[in-house]
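Student: mmCIF, C-alpha atoms and all ligand atoms, file upload-v7.cif:
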data_upload
loop_
_atom_site.group_PDB
_atom_site.id
_atom_site.type_symbol
_atom_site.label_atom_id
_atom_site.label_comp_id
_atom_site.auth_asym_id
_atom_site.auth_seq_id
_atom_site.Cartn_x
_atom_site.Cartn_y
_atom_site.Cartn_z
ATOM 1 C CA MET A 1 -20.019 -15.769 5.628
ATOM 2 C CA MET A 2 -19.891 -12.167 4.584
ATOM 3 C CA ASN A 3 -22.974 -10.163 5.406
ATOM 4 C CA LEU A 4 -23.532 -7.932 2.404
ATOM 5 C CA SER A 5 -25.982 -5.734 4.252
ATOM 6 C CA SER A 6 -23.143 -4.539 6.444
ATOM 7 C CA THR A 7 -20.949 -3.823 3.435
ATOM 8 C CA MET A 8 -20.493 -0.092 3.099
ATOM 9 C CA ASN A 9 -19.394 2.217 0.360
ATOM 10 C CA ALA A 10 -16.606 4.706 0.783
ATOM 11 C CA SER A 11 -16.223 7.266 -1.920
ATOM 12 C CA GLY A 12 -16.030 10.920 -2.767
ATOM 13 C CA CYS A 13 -13.745 13.461 -1.219
ATOM 14 C CA ARG A 14 -12.597 13.794 2.325
ATOM 15 C CA TYR A 15 -14.632 16.960 2.778
ATOM 16 C CA CYS A 16 -17.965 15.438 1.867
ATOM 17 C CA VAL A 17 -18.034 11.808 3.007
ATOM 18 C CA SER A 18 -17.617 10.075 6.306
ATOM 19 C CA PRO A 19 -13.998 9.281 7.021
ATOM 20 C CA LEU A 20 -12.774 5.724 6.698
ATOM 21 C CA LYS A 21 -12.737 5.684 10.482
ATOM 22 C CA GLN A 22 -16.522 5.922 10.643
ATOM 23 C CA LEU A 23 -17.057 3.608 7.726
ATOM 24 C CA LEU A 24 -15.183 0.852 9.498
ATOM 25 C CA HIS A 25 -17.605 0.877 12.388
ATOM 26 C CA THR A 26 -19.530 -2.092 11.045
ATOM 27 C CA THR A 27 -20.392 -5.120 13.099
ATOM 28 C CA ASN A 28 -18.136 -7.517 11.252
ATOM 29 C CA HIS A 29 -15.657 -5.134 9.664
ATOM 30 C CA HIS A 30 -16.503 -6.000 6.079
ATOM 31 C CA LEU A 31 -15.890 -2.859 4.104
ATOM 32 C CA ARG A 32 -16.360 -2.176 0.445
ATOM 33 C CA PHE A 33 -15.012 0.901 -1.283
ATOM 34 C CA ARG A 34 -16.721 2.343 -4.315
ATOM 35 C CA PRO A 35 -14.480 2.294 -7.404
ATOM 36 C CA CYS A 36 -13.532 5.496 -9.176
ATOM 37 C CA SER A 37 -16.618 5.978 -11.346
ATOM 38 C CA PRO A 38 -16.983 8.692 -13.989
ATOM 39 C CA SER A 39 -19.322 10.563 -11.648
ATOM 40 C CA LEU A 40 -16.731 10.437 -8.927
ATOM 41 C CA PHE A 41 -14.182 11.932 -11.263
ATOM 42 C CA SER A 42 -16.514 14.715 -12.271
ATOM 43 C CA SER A 43 -17.513 15.571 -8.710
ATOM 44 C CA SER A 44 -14.118 15.229 -7.095
ATOM 45 C CA PHE A 45 -11.789 16.512 -9.750
ATOM 46 C CA ASN A 46 -13.880 19.469 -10.890
ATOM 47 C CA ASN A 47 -11.598 22.062 -9.427
ATOM 48 C CA LEU A 48 -8.368 20.191 -9.908
ATOM 49 C CA LYS A 49 -6.033 19.748 -12.821
ATOM 50 C CA LEU A 50 -7.069 16.936 -15.142
ATOM 51 C CA PRO A 51 -6.032 13.586 -13.718
ATOM 52 C CA ASN A 52 -3.288 11.645 -15.432
ATOM 53 C CA PHE A 53 -5.305 8.596 -16.446
ATOM 54 C CA ASN A 54 -2.189 6.464 -16.922
ATOM 55 C CA LEU A 55 -1.227 7.034 -13.330
ATOM 56 C CA LEU A 56 -4.763 6.583 -12.093
ATOM 57 C CA LEU A 57 -4.809 3.137 -13.644
ATOM 58 C CA THR A 58 -1.856 2.044 -11.563
ATOM 59 C CA SER A 59 -2.070 0.038 -8.363
ATOM 60 C CA ASN A 60 -5.665 -0.889 -9.048
ATOM 61 C CA SER A 61 -6.936 -4.373 -9.365
ATOM 62 C CA PHE A 62 -6.826 -5.024 -13.105
ATOM 63 C CA PHE A 63 -10.331 -6.482 -13.174
ATOM 64 C CA PHE A 64 -12.445 -3.501 -12.367
ATOM 65 C CA THR A 65 -15.556 -5.172 -10.987
ATOM 66 C CA MET A 66 -17.394 -4.585 -7.781
ATOM 67 C CA GLU A 67 -16.923 -8.228 -6.835
ATOM 68 C CA GLN A 68 -13.240 -7.667 -6.360
ATOM 69 C CA TYR A 69 -13.464 -4.394 -4.577
ATOM 70 C CA GLY A 70 -11.858 -3.966 -1.213
ATOM 71 C CA VAL A 71 -13.617 -6.391 1.068
ATOM 72 C CA ILE A 72 -11.638 -6.345 4.286
ATOM 73 C CA SER A 73 -12.155 -9.680 5.994
ATOM 74 C CA SER A 74 -9.546 -9.283 8.726
ATOM 75 C CA GLU A 75 -10.559 -7.402 11.832
ATOM 76 C CA LYS A 76 -6.922 -6.609 12.577
ATOM 77 C CA VAL A 77 -6.415 -5.088 9.125
ATOM 78 C CA ALA A 78 -9.664 -3.130 9.456
ATOM 79 C CA ARG A 79 -8.484 -1.811 12.803
ATOM 80 C CA VAL A 80 -5.084 -0.721 11.521
ATOM 81 C CA MET A 81 -6.601 0.985 8.456
ATOM 82 C CA GLU A 82 -8.964 2.775 10.798
ATOM 83 C CA THR A 83 -6.126 3.812 13.100
ATOM 84 C CA ILE A 84 -3.862 5.109 10.328
ATOM 85 C CA ASP A 85 -6.013 7.738 8.641
ATOM 86 C CA ARG A 86 -5.385 7.764 4.889
ATOM 87 C CA ALA A 87 -6.421 11.433 4.715
ATOM 88 C CA LEU A 88 -3.152 12.371 6.436
ATOM 89 C CA PHE A 89 -1.181 10.675 3.650
ATOM 90 C CA VAL A 90 -2.793 11.948 0.439
ATOM 91 C CA PRO A 91 -2.083 15.371 -1.064
ATOM 92 C CA ASP A 92 -4.481 18.192 -0.167
ATOM 93 C CA LYS A 93 -7.807 18.234 -2.003
ATOM 94 C CA THR A 94 -7.412 14.595 -2.981
ATOM 95 C CA PRO A 95 -10.416 12.340 -2.317
ATOM 96 C CA ALA A 96 -8.768 10.322 0.421
ATOM 97 C CA TYR A 97 -11.294 7.503 0.709
ATOM 98 C CA ALA A 98 -12.086 6.870 -2.943
ATOM 99 C CA ASP A 99 -10.938 3.427 -3.963
ATOM 100 C CA CYS A 100 -8.420 4.655 -6.504
ATOM 101 C CA PRO A 101 -4.721 5.223 -6.592
ATOM 102 C CA GLN A 102 -3.993 8.962 -6.250
ATOM 103 C CA GLU A 103 -1.131 10.938 -7.708
ATOM 104 C CA ILE A 104 1.498 11.963 -5.164
ATOM 105 C CA GLY A 105 3.949 13.613 -7.577
ATOM 106 C CA TYR A 106 7.215 12.320 -9.099
ATOM 107 C CA ASN A 107 5.250 9.938 -11.360
ATOM 108 C CA ALA A 108 4.147 7.953 -8.322
ATOM 109 C CA THR A 109 0.818 7.168 -6.696
ATOM 110 C CA ILE A 110 -0.528 6.126 -3.331
ATOM 111 C CA SER A 111 -2.075 2.716 -3.931
ATOM 112 C CA ALA A 112 -5.835 2.257 -3.836
ATOM 113 C CA PRO A 113 -7.257 1.306 -0.415
ATOM 114 C CA HIS A 114 -8.297 -2.132 -1.666
ATOM 115 C CA MET A 115 -4.683 -2.843 -2.655
ATOM 116 C CA HIS A 116 -3.413 -1.695 0.732
ATOM 117 C CA ALA A 117 -6.000 -3.935 2.399
ATOM 118 C CA THR A 118 -5.142 -6.883 0.137
ATOM 119 C CA CYS A 119 -1.424 -6.612 0.843
ATOM 120 C CA LEU A 120 -1.959 -6.188 4.591
ATOM 121 C CA GLN A 121 -4.157 -9.271 4.638
ATOM 122 C CA LEU A 122 -1.682 -11.319 2.608
ATOM 123 C CA LEU A 123 1.089 -10.355 5.035
ATOM 124 C CA GLU A 124 -0.928 -10.353 8.255
ATOM 125 C CA GLU A 125 0.585 -13.564 9.643
ATOM 126 C CA LYS A 126 4.071 -12.132 9.177
ATOM 127 C CA LEU A 127 3.204 -8.832 10.820
ATOM 128 C CA GLN A 128 2.800 -10.153 14.349
ATOM 129 C CA PRO A 129 4.148 -8.121 17.277
ATOM 130 C CA GLY A 130 7.952 -8.175 17.339
ATOM 131 C CA MET A 131 8.386 -9.131 13.669
ATOM 132 C CA HIS A 132 10.444 -7.275 11.050
ATOM 133 C CA ALA A 133 8.819 -5.744 7.949
ATOM 134 C CA LEU A 134 10.258 -3.991 4.908
ATOM 135 C CA ASP A 135 8.180 -1.728 2.639
ATOM 136 C CA VAL A 136 9.936 -1.114 -0.683
ATOM 137 C CA GLY A 137 8.692 1.917 -2.631
ATOM 138 C CA SER A 138 7.148 3.356 0.520
ATOM 139 C CA GLY A 139 5.825 6.507 -1.207
ATOM 140 C CA THR A 140 3.500 8.304 1.204
ATOM 141 C CA GLY A 141 4.465 5.990 4.072
ATOM 142 C CA TYR A 142 0.865 4.825 4.596
ATOM 143 C CA LEU A 143 1.550 1.104 4.425
ATOM 144 C CA THR A 144 4.833 1.360 6.353
ATOM 145 C CA ALA A 145 2.897 3.078 9.145
ATOM 146 C CA CYS A 146 0.319 0.247 9.096
ATOM 147 C CA PHE A 147 3.139 -2.317 9.285
ATOM 148 C CA ALA A 148 4.668 -0.457 12.230
ATOM 149 C CA MET A 149 1.357 -0.511 14.119
ATOM 150 C CA MET A 150 1.007 -4.247 13.510
ATOM 151 C CA VAL A 151 4.553 -5.274 14.525
ATOM 152 C CA GLY A 152 4.438 -2.849 17.456
ATOM 153 C CA PRO A 153 7.214 -1.196 19.434
ATOM 154 C CA GLN A 154 9.188 -4.444 19.821
ATOM 155 C CA GLY A 155 9.121 -5.014 16.062
ATOM 156 C CA ARG A 156 10.739 -3.142 13.191
ATOM 157 C CA ALA A 157 9.125 -1.482 10.142
ATOM 158 C CA ILE A 158 11.432 -0.049 7.488
ATOM 159 C CA GLY A 159 10.347 2.036 4.501
ATOM 160 C CA VAL A 160 12.689 2.472 1.532
ATOM 161 C CA GLU A 161 11.885 4.973 -1.209
ATOM 162 C CA HIS A 162 14.215 6.403 -3.862
ATOM 163 C CA ILE A 163 12.659 9.897 -4.175
ATOM 164 C CA PRO A 164 14.085 11.948 -1.270
ATOM 165 C CA GLU A 165 11.168 14.425 -1.371
ATOM 166 C CA LEU A 166 8.690 11.569 -0.915
ATOM 167 C CA VAL A 167 10.672 10.224 2.028
ATOM 168 C CA ALA A 168 10.615 13.690 3.630
ATOM 169 C CA SER A 169 6.866 14.059 3.112
ATOM 170 C CA SER A 170 6.211 10.491 4.311
ATOM 171 C CA ILE A 171 7.951 11.377 7.569
ATOM 172 C CA ASN A 172 5.729 14.475 7.882
ATOM 173 C CA ASN A 173 2.649 12.357 7.210
ATOM 174 C CA ILE A 174 3.615 9.753 9.793
ATOM 175 C CA GLU A 175 4.365 12.444 12.379
ATOM 176 C CA LYS A 176 0.714 13.514 12.143
ATOM 177 C CA SER A 177 -0.559 9.935 12.430
ATOM 178 C CA ALA A 178 -1.077 7.372 15.168
ATOM 179 C CA ALA A 179 2.281 5.833 14.209
ATOM 180 C CA ALA A 180 4.210 8.962 15.290
ATOM 181 C CA PRO A 181 5.394 7.484 18.626
ATOM 182 C CA LEU A 182 6.863 4.472 16.783
ATOM 183 C CA LEU A 183 8.776 6.773 14.440
ATOM 184 C CA LYS A 184 10.074 8.706 17.432
ATOM 185 C CA LYS A 185 11.062 5.521 19.230
ATOM 186 C CA GLY A 186 12.844 4.178 16.129
ATOM 187 C CA SER A 187 10.887 0.965 15.572
ATOM 188 C CA LEU A 188 9.582 2.674 12.409
ATOM 189 C CA SER A 189 12.069 4.353 10.076
ATOM 190 C CA MET A 190 11.966 5.752 6.556
ATOM 191 C CA HIS A 191 15.020 5.736 4.274
ATOM 192 C CA VAL A 192 16.149 7.059 0.917
ATOM 193 C CA GLY A 193 17.539 4.219 -1.147
ATOM 194 C CA ASP A 194 17.202 1.947 -4.129
ATOM 195 C CA GLY A 195 14.612 -0.528 -2.913
ATOM 196 C CA ARG A 196 15.770 -3.133 -5.422
ATOM 197 C CA GLU A 197 18.666 -3.653 -3.009
ATOM 198 C CA GLY A 198 16.322 -3.959 -0.036
ATOM 199 C CA TRP A 199 17.630 -2.682 3.296
ATOM 200 C CA PRO A 200 20.302 -5.161 4.419
ATOM 201 C CA GLU A 201 20.993 -3.420 7.767
ATOM 202 C CA CYS A 202 17.779 -4.740 9.318
ATOM 203 C CA ALA A 203 17.448 -8.016 7.359
ATOM 204 C CA PRO A 204 16.210 -10.700 7.477
ATOM 205 C CA TYR A 205 12.528 -9.760 7.279
ATOM 206 C CA ASP A 206 9.411 -11.704 8.170
ATOM 207 C CA ALA A 207 7.423 -9.590 5.719
ATOM 208 C CA ILE A 208 8.465 -7.699 2.600
ATOM 209 C CA HIS A 209 6.044 -5.595 0.591
ATOM 210 C CA VAL A 210 7.006 -4.075 -2.734
ATOM 211 C CA GLY A 211 4.800 -1.188 -3.855
ATOM 212 C CA ALA A 212 6.103 -0.979 -7.442
ATOM 213 C CA ALA A 213 6.245 -3.583 -10.201
ATOM 214 C CA ALA A 214 9.577 -5.340 -10.655
ATOM 215 C CA PRO A 215 10.405 -6.540 -14.180
ATOM 216 C CA GLU A 216 11.681 -9.721 -12.528
ATOM 217 C CA MET A 217 11.998 -11.072 -8.996
ATOM 218 C CA PRO A 218 14.780 -9.058 -7.251
ATOM 219 C CA GLN A 219 17.354 -11.494 -5.831
ATOM 220 C CA ALA A 220 18.421 -9.101 -3.048
ATOM 221 C CA LEU A 221 14.865 -9.095 -1.700
ATOM 222 C CA LEU A 222 14.641 -12.896 -1.820
ATOM 223 C CA ASP A 223 17.936 -13.050 0.073
ATOM 224 C CA GLN A 224 16.638 -10.679 2.756
ATOM 225 C CA LEU A 225 13.508 -12.730 3.404
ATOM 226 C CA LYS A 226 13.643 -14.830 6.586
ATOM 227 C CA PRO A 227 12.980 -18.582 6.295
ATOM 228 C CA GLY A 228 9.265 -18.733 7.087
ATOM 229 C CA GLY A 229 8.886 -15.165 5.782
ATOM 230 C CA ARG A 230 6.611 -13.861 3.033
ATOM 231 C CA MET A 231 7.045 -11.240 0.299
ATOM 232 C CA VAL A 232 4.194 -9.649 -1.684
ATOM 233 C CA ILE A 233 5.466 -8.137 -4.920
ATOM 234 C CA PRO A 234 3.963 -7.133 -8.260
ATOM 235 C CA VAL A 235 6.047 -8.606 -11.078
ATOM 236 C CA GLY A 236 5.863 -7.799 -14.775
ATOM 237 C CA ASN A 237 5.903 -4.928 -17.198
ATOM 238 C CA ILE A 238 2.645 -4.251 -19.040
ATOM 239 C CA PHE A 239 0.993 -7.363 -17.629
ATOM 240 C CA GLN A 240 1.750 -7.689 -13.962
ATOM 241 C CA ASP A 241 0.873 -10.286 -11.348
ATOM 242 C CA LEU A 242 0.814 -9.745 -7.634
ATOM 243 C CA LYS A 243 3.092 -12.570 -6.476
ATOM 244 C CA VAL A 244 3.047 -14.095 -3.029
ATOM 245 C CA VAL A 245 6.519 -15.442 -2.308
ATOM 246 C CA ASP A 246 7.019 -17.743 0.685
ATOM 247 C CA LYS A 247 10.478 -18.695 1.872
ATOM 248 C CA ASN A 248 10.060 -22.141 3.393
ATOM 249 C CA PRO A 249 11.857 -23.106 6.608
ATOM 250 C CA ASP A 250 14.466 -25.043 4.530
ATOM 251 C CA GLY A 251 15.191 -21.895 2.482
ATOM 252 C CA SER A 252 13.383 -23.050 -0.666
ATOM 253 C CA ILE A 253 10.981 -20.615 -2.333
ATOM 254 C CA SER A 254 7.297 -21.086 -3.230
ATOM 255 C CA ILE A 255 5.600 -18.535 -5.459
ATOM 256 C CA ARG A 256 1.952 -18.115 -6.387
ATOM 257 C CA SER A 257 0.042 -15.422 -8.273
ATOM 258 C CA GLU A 258 -2.646 -13.648 -6.293
ATOM 259 C CA SER A 259 -4.139 -11.446 -9.029
ATOM 260 C CA SER A 260 -3.433 -9.295 -12.060
ATOM 261 C CA VAL A 261 -2.531 -5.749 -11.073
ATOM 262 C CA ARG A 262 -1.191 -2.476 -12.425
ATOM 263 C CA TYR A 263 1.557 -0.696 -10.460
ATOM 264 C CA VAL A 264 4.153 1.944 -11.321
ATOM 265 C CA PRO A 265 7.507 0.328 -12.191
ATOM 266 C CA LEU A 266 10.244 -0.530 -9.709
ATOM 267 C CA THR A 267 13.014 1.209 -11.571
ATOM 268 C CA SER A 268 15.825 3.753 -11.308
ATOM 269 C CA ARG A 269 15.091 7.257 -10.051
ATOM 270 C CA ASP A 270 16.088 8.788 -13.401
ATOM 271 C CA ALA A 271 13.870 6.440 -15.390
ATOM 272 C CA GLN A 272 10.919 7.213 -13.113
ATOM 273 C CA LEU A 273 11.353 10.981 -13.258
ATOM 274 C CA GLN A 274 11.707 10.922 -17.049
ATOM 275 C CA SER A 275 8.772 8.595 -17.715
HETATM 276 N N1 LIG B 301 3.061 2.018 -1.548
HETATM 277 C C1 LIG B 301 3.231 3.439 -1.601
HETATM 278 C C2 LIG B 301 3.691 3.977 -2.953
HETATM 279 C C3 LIG B 301 3.343 3.203 -4.178
HETATM 280 S S1 LIG B 301 3.917 3.945 -5.670
HETATM 281 C C4 LIG B 301 1.951 4.120 -1.202
HETATM 282 O O1 LIG B 301 0.897 3.510 -1.306
HETATM 283 O O2 LIG B 301 2.020 5.280 -0.801
HETATM 284 C C5 LIG B 301 5.466 3.128 -5.835
HETATM 285 C C6 LIG B 301 6.595 3.836 -5.176
HETATM 286 O O3 LIG B 301 7.778 3.108 -5.479
HETATM 287 C C7 LIG B 301 6.827 5.266 -5.669
HETATM 288 O O4 LIG B 301 6.839 6.134 -4.578
HETATM 289 C C8 LIG B 301 8.195 5.193 -6.340
HETATM 290 O O5 LIG B 301 8.931 6.393 -6.196
HETATM 291 C C9 LIG B 301 8.830 4.030 -5.624
HETATM 292 N N2 LIG B 301 9.930 3.357 -6.322
HETATM 293 C C10 LIG B 301 9.986 2.975 -7.639
HETATM 294 N N3 LIG B 301 11.172 2.389 -7.900
HETATM 295 C C11 LIG B 301 11.875 2.390 -6.727
HETATM 296 C C12 LIG B 301 13.169 1.927 -6.356
HETATM 297 N N4 LIG B 301 14.016 1.358 -7.230
HETATM 298 N N5 LIG B 301 13.567 2.083 -5.072
HETATM 299 C C13 LIG B 301 12.743 2.681 -4.170
HETATM 300 N N6 LIG B 301 11.529 3.160 -4.457
HETATM 301 C C14 LIG B 301 11.076 2.994 -5.732
#
Take the structure in the file and give it back as structure tokens.
Ligand code: SAH

Tutor:
Amino acid sequence: MMNLSSTMNASGCRYCVSPLKQLLHTTNHHLRFRPCSPSLFSSSFNNLKLPNFNLLLTSNSFFFTMEQYGVISSEKVARVMETIDRALFVPDKTPAYADCPQEIGYNATISAPHMHATCLQLLEEKLQPGMHALDVGSGTGYLTACFAMMVGPQGRAIGVEHIPELVASSINNIEKSAAAPLLKKGSLSMHVGDGREGWPECAPYDAIHVGAAAPEMPQALLDQLKPGGRMVIPVGNIFQDLKVVDKNPDGSISIRSESSVRYVPLTSRDAQLQS
């Protein structure tokens, strides 16, 4: 059972709160982030341009209650989120450990920590050492780096992102992080491409994560999932569900909805830049 007394809050900006690293030093690794409250906005965004509230709504759990906030129940996921420091992946002067999506430019966001944790936990079984993982819409590279740490040097973690500038900055971010040796070795790689087509060169994948909402289930991604593999993908337009897609050993597909979510769309580069 979860021990609420060891649940901790992570909020504020990276200059004035303990880093995630310290906050994860709890006895049972149950961690709770504080949601973006009005006071957080006023203290953290005082000296910044006004936040784009549409973007800030993305990638957050749709039901904005404390009950649903970011409880990490997997020790392995807690460890990887501790090892890959989110502060290296968010733009300067952004509150790295607040449980909100943050703008990263190009009409994109880094997902909220609770969404990263949720997706890592949903995929954990398929991120064992030596497995292959694909991160579509890799943005800052944070989750791809986490995948790479979990599958290890014998595995493969691929990030695909269609904004070349984001791919370049994700590589810079990863080079500063604990995943740098994996990038150097080549078990972790970041690519410019249309993620709706997946990344056939390294398919099939044990785990596929999609970090942007697809209007419908992309066939290419289903095709690139290994039998026994799992994909986590937000699907929908205004109303989106985080879908957990399992490819059974006989090749048939089982799909369930995990929760209602709000992500930026999985779309064309032009549509995204014009939105
Ligand atoms: N998971 C990432 C980014 C989430 S935002 C993180 O947490 O850092 C979603 C990302 O998907 C954006 O970076 C956006 O540019 C990208 N994206 C949207 N449509 C895409 C497509 N068709 N192909 C590749 N990337 C896409």

Student: Just say which residues the PyMOL selection byres (((chain A and resi 174) around 10) and not hetatm) picks in this file, as a PyMOL selection string.

Tutor: chain A and resi 84-85+88-89+140-142+144-145+169-173+175-183+188+190

Student: One number please: CA of Pro200 in chain A to CA of Leu221 in chain A, in Å, one decimal.

Tutor: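 Between CA of Pro200 in chain A and CA of Leu221 in chain A the gap works out to 9.1 Å.
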
Student: List as a PyMOL selection string the protein and nucleic acid residues lying within 6 Å of ligand LIG 301 (chain B), with only C-alpha atoms and all ligand atoms counted.

Tutor: chain A and resi 108-111+136-142+160-163+193-196+211-212+264-268

Student: What's around Ser187 in chain A at 9 Å? Count all atoms listed in the file, leave out sequence neighbours fewer than 3 positions away in its own chain, and write the answer as a list in words.

Tutor: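 Once the nearby chain positions are removed, what remains is Ala148, Val151, Gly152, Pro153, Gln154, Gly155, Arg156, Ala157, Ile158, Leu182, Leu183 and Lys184 of chain A.
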
Student: Would you work out the distance separating CA of Glu216 in chain A from CA of Gln128 in chain A, expressed in Å to one decimal?

Tutor: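 Computing the Euclidean distance for CA of Glu216 in chain A and CA of Gln128 in chain A yields 28.3 Å.
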
Student: One decimal, Å: what's the distance from CA of Ser252 in chain A over to CA of Asp206 in chain A, could you say?

Tutor: 14.9 Å

Student: Between A:Gly198, A:Pro249, A:Pro95, A:Gly105, which is the closest to Ala220 in chain A once you count all atoms listed in the file?

Tutor: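 Closest residue, counting all atoms listed in the file: A:Gly198.
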
Student: Can you tell me which residues surround range 223-238 of chain A at a distance of at most 6 Å, considering all atoms listed in the file, apart from same-chain residues fewer than 5 positions away, and format the answer as a compact mmCIF listing (two decimals) with C-alpha atoms, in the coordinates of the input?

Tutor:
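So the final result, stored in selection_20.txt, reads:
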# COMPACT_ATOMS: atom_id res chain seq x y z
CA ALA A 203 17.45 -8.02 7.36
CA PRO A 204 16.21 -10.70 7.48
CA TYR A 205 12.53 -9.76 7.28
CA ASP A 206 9.41 -11.70 8.17
CA ALA A 207 7.42 -9.59 5.72
CA ILE A 208 8.46 -7.70 2.60
CA HIS A 209 6.04 -5.60 0.59
CA VAL A 210 7.01 -4.08 -2.73
CA ALA A 213 6.24 -3.58 -10.20
CA ALA A 214 9.58 -5.34 -10.66
CA PRO A 215 10.40 -6.54 -14.18
CA GLU A 216 11.68 -9.72 -12.53
CA LYS A 243 3.09 -12.57 -6.48
CA VAL A 244 3.05 -14.10 -3.03
CA VAL A 245 6.52 -15.44 -2.31
CA ASP A 246 7.02 -17.74 0.68
CA LYS A 247 10.48 -18.70 1.87
CA ASN A 248 10.06 -22.14 3.39
CA PRO A 249 11.86 -23.11 6.61
CA GLY A 251 15.19 -21.90 2.48
